[in-house]
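Structure record follows, encoded as structure tokens.
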Amino acid sequence: VRMGASTTIATYLLPPVLADFRTRYPAVKLRLVSANTRAIAALVLERRVDVALVEGPVADTRLERRRWRADELVVIVPAGHRLARRRSVAIAQLAAEPFIVRERGSGTRDVAERAFAEEGIHPPIALTLASTEAIKQAVAAGLGLAVVSRAAARDQLALGHLAALRITHFEMRRELTELRLRGRRLGAPA
């Protein structure tokens, strides 16, 4: 089975699912490609992967989309950041804070930019990085704030290296989606 998955899904959510699959179906060989949402959608269209799981919105009508699960996004800051000490912050307080973001085409970036724009804020971009792990390390080093999946930040939050802000009357949730090429018949393992 050739699978494609957005970076956050491939790194933080899919490993236990794949382990369970492998236990149930040890004869099925799995191949996983990880990239941003835009790149994974292209691989499905090119028939280079059978099934894909993505984080961001995909509007191409040639693709069939099914809800896989929900994901919560959080704004992370270094544990010692002045905003981390507050019980909650207003979304407007983030407007001038420098943010570290993923590259264009990233589902996390798309969802975060849309959510902030709906609140009328466009925080400055301090740095663009191609991996969530690099973003978490950059945030911990004090280079800026970032939006990541809570699942991706869980380890660093538990260790106390990062803090997730509680933002008054503001949540970022997204639907993680399974993509398949519309009309394409897949074998039983897929």
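Ordering of the structure tokens sets the chain letters (A, B, ...); residue numbers start at 1 within each chain; ligands are numbered from 1 in the order shown.
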
_Can you tell me, as a VMD selection string, which residues in stretch 64-135 of chain A count as alpha helix (DSSP H) by DSSP?_
chain A and resid 107 to 118 132 to 135

Please tabulate, as CSV, the residues of stretch 55-113 of chain A that come within 12 Å of stretch 2-14 of chain A, each with its closest pair of atoms and the distance in Å to one decimal, counting only C-alpha atoms and ordering rows by chain, then residue number upward.
residue,atom,partner,partner_atom,distance
A:Glu55,CA,A:Ser6,CA,6.2
A:Gly56,CA,A:Ser6,CA,8.4
A:Pro57,CA,A:Ser6,CA,11.5
A:Trp68,CA,A:Ile9,CA,10.9
A:Arg69,CA,A:Leu13,CA,10.3
A:Ala70,CA,A:Leu13,CA,11.3
A:Asp71,CA,A:Ile9,CA,9.8
A:Glu72,CA,A:Thr8,CA,11.9
A:Leu73,CA,A:Thr8,CA,11.2
A:Arg102,CA,A:Thr7,CA,10.5
A:Glu103,CA,A:Thr7,CA,11.6
A:Gly105,CA,A:Ser6,CA,10.3
A:Ser106,CA,A:Ser6,CA,8.1
A:Gly107,CA,A:Ser6,CA,7.8
A:Thr108,CA,A:Thr8,CA,8.4
A:Arg109,CA,A:Thr8,CA,11.6

*asked:* Please list as a PyMOL selection string every residue within 10 Å of stretch 87-97 of chain A, counting only C-alpha atoms and excluding residues in the same chain fewer than 6 positions away.
replied: chain A and resi 75+116+119-126+144-146+165-170

*With distances taken over only C-alpha atoms, which of A:Ile40, A:Ala138, A:Ala188, A:Leu129 is nearest to A:Val28?*
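The answer is A:Ala188, which sits nearest to A:Val28.
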
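Distance annotation: of A:Phe99, A:Ala79, A:Arg104, A:Ala140, the residue with the minimal separation from A:Ala39 is A:Arg104; atom set is only C-alpha atoms.
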
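With only C-alpha atoms as the atoms that count, the minimum distance from A:Gly142 to the choices A:Ile76, A:Leu30, A:Ala115, A:Leu159 is reached by A:Ile76.
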
*Write down as a ChimeraX atom specification the residues belonging to stretch 9-159 of chain A that are assigned strand (DSSP E or B) by DSSP computed on the backbone.*
/A:31-35,51-54,63-78,89,99-101,125-128,145-149

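With only C-alpha atoms as the atoms that count, the minimum distance from A:Leu43 to the choices A:Arg150, A:Arg65, A:Arg180, A:His81 is reached by A:Arg180.
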
*From the set A:Arg114, A:Ala134, A:Ala190, A:Gly160, which residue has the shortest atom-to-atom contact distance to A:Ala84, counting only C-alpha atoms?*
A:Gly160

*Which is closest to A:Gly187 among A:Arg24, A:Val51, A:Glu175, A:Ala42, if we use only C-alpha atoms?*
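Closest to A:Gly187 of all the choices is A:Val51.
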
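Atom pair atom CA of A:Ala164 / atom CA of A:Val54 has a distance of 23.2 Å (rounded to one decimal).
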
*atom CA of A:Pro15 and atom CA of A:Asp50, how far apart in Å?*
17.9 Å
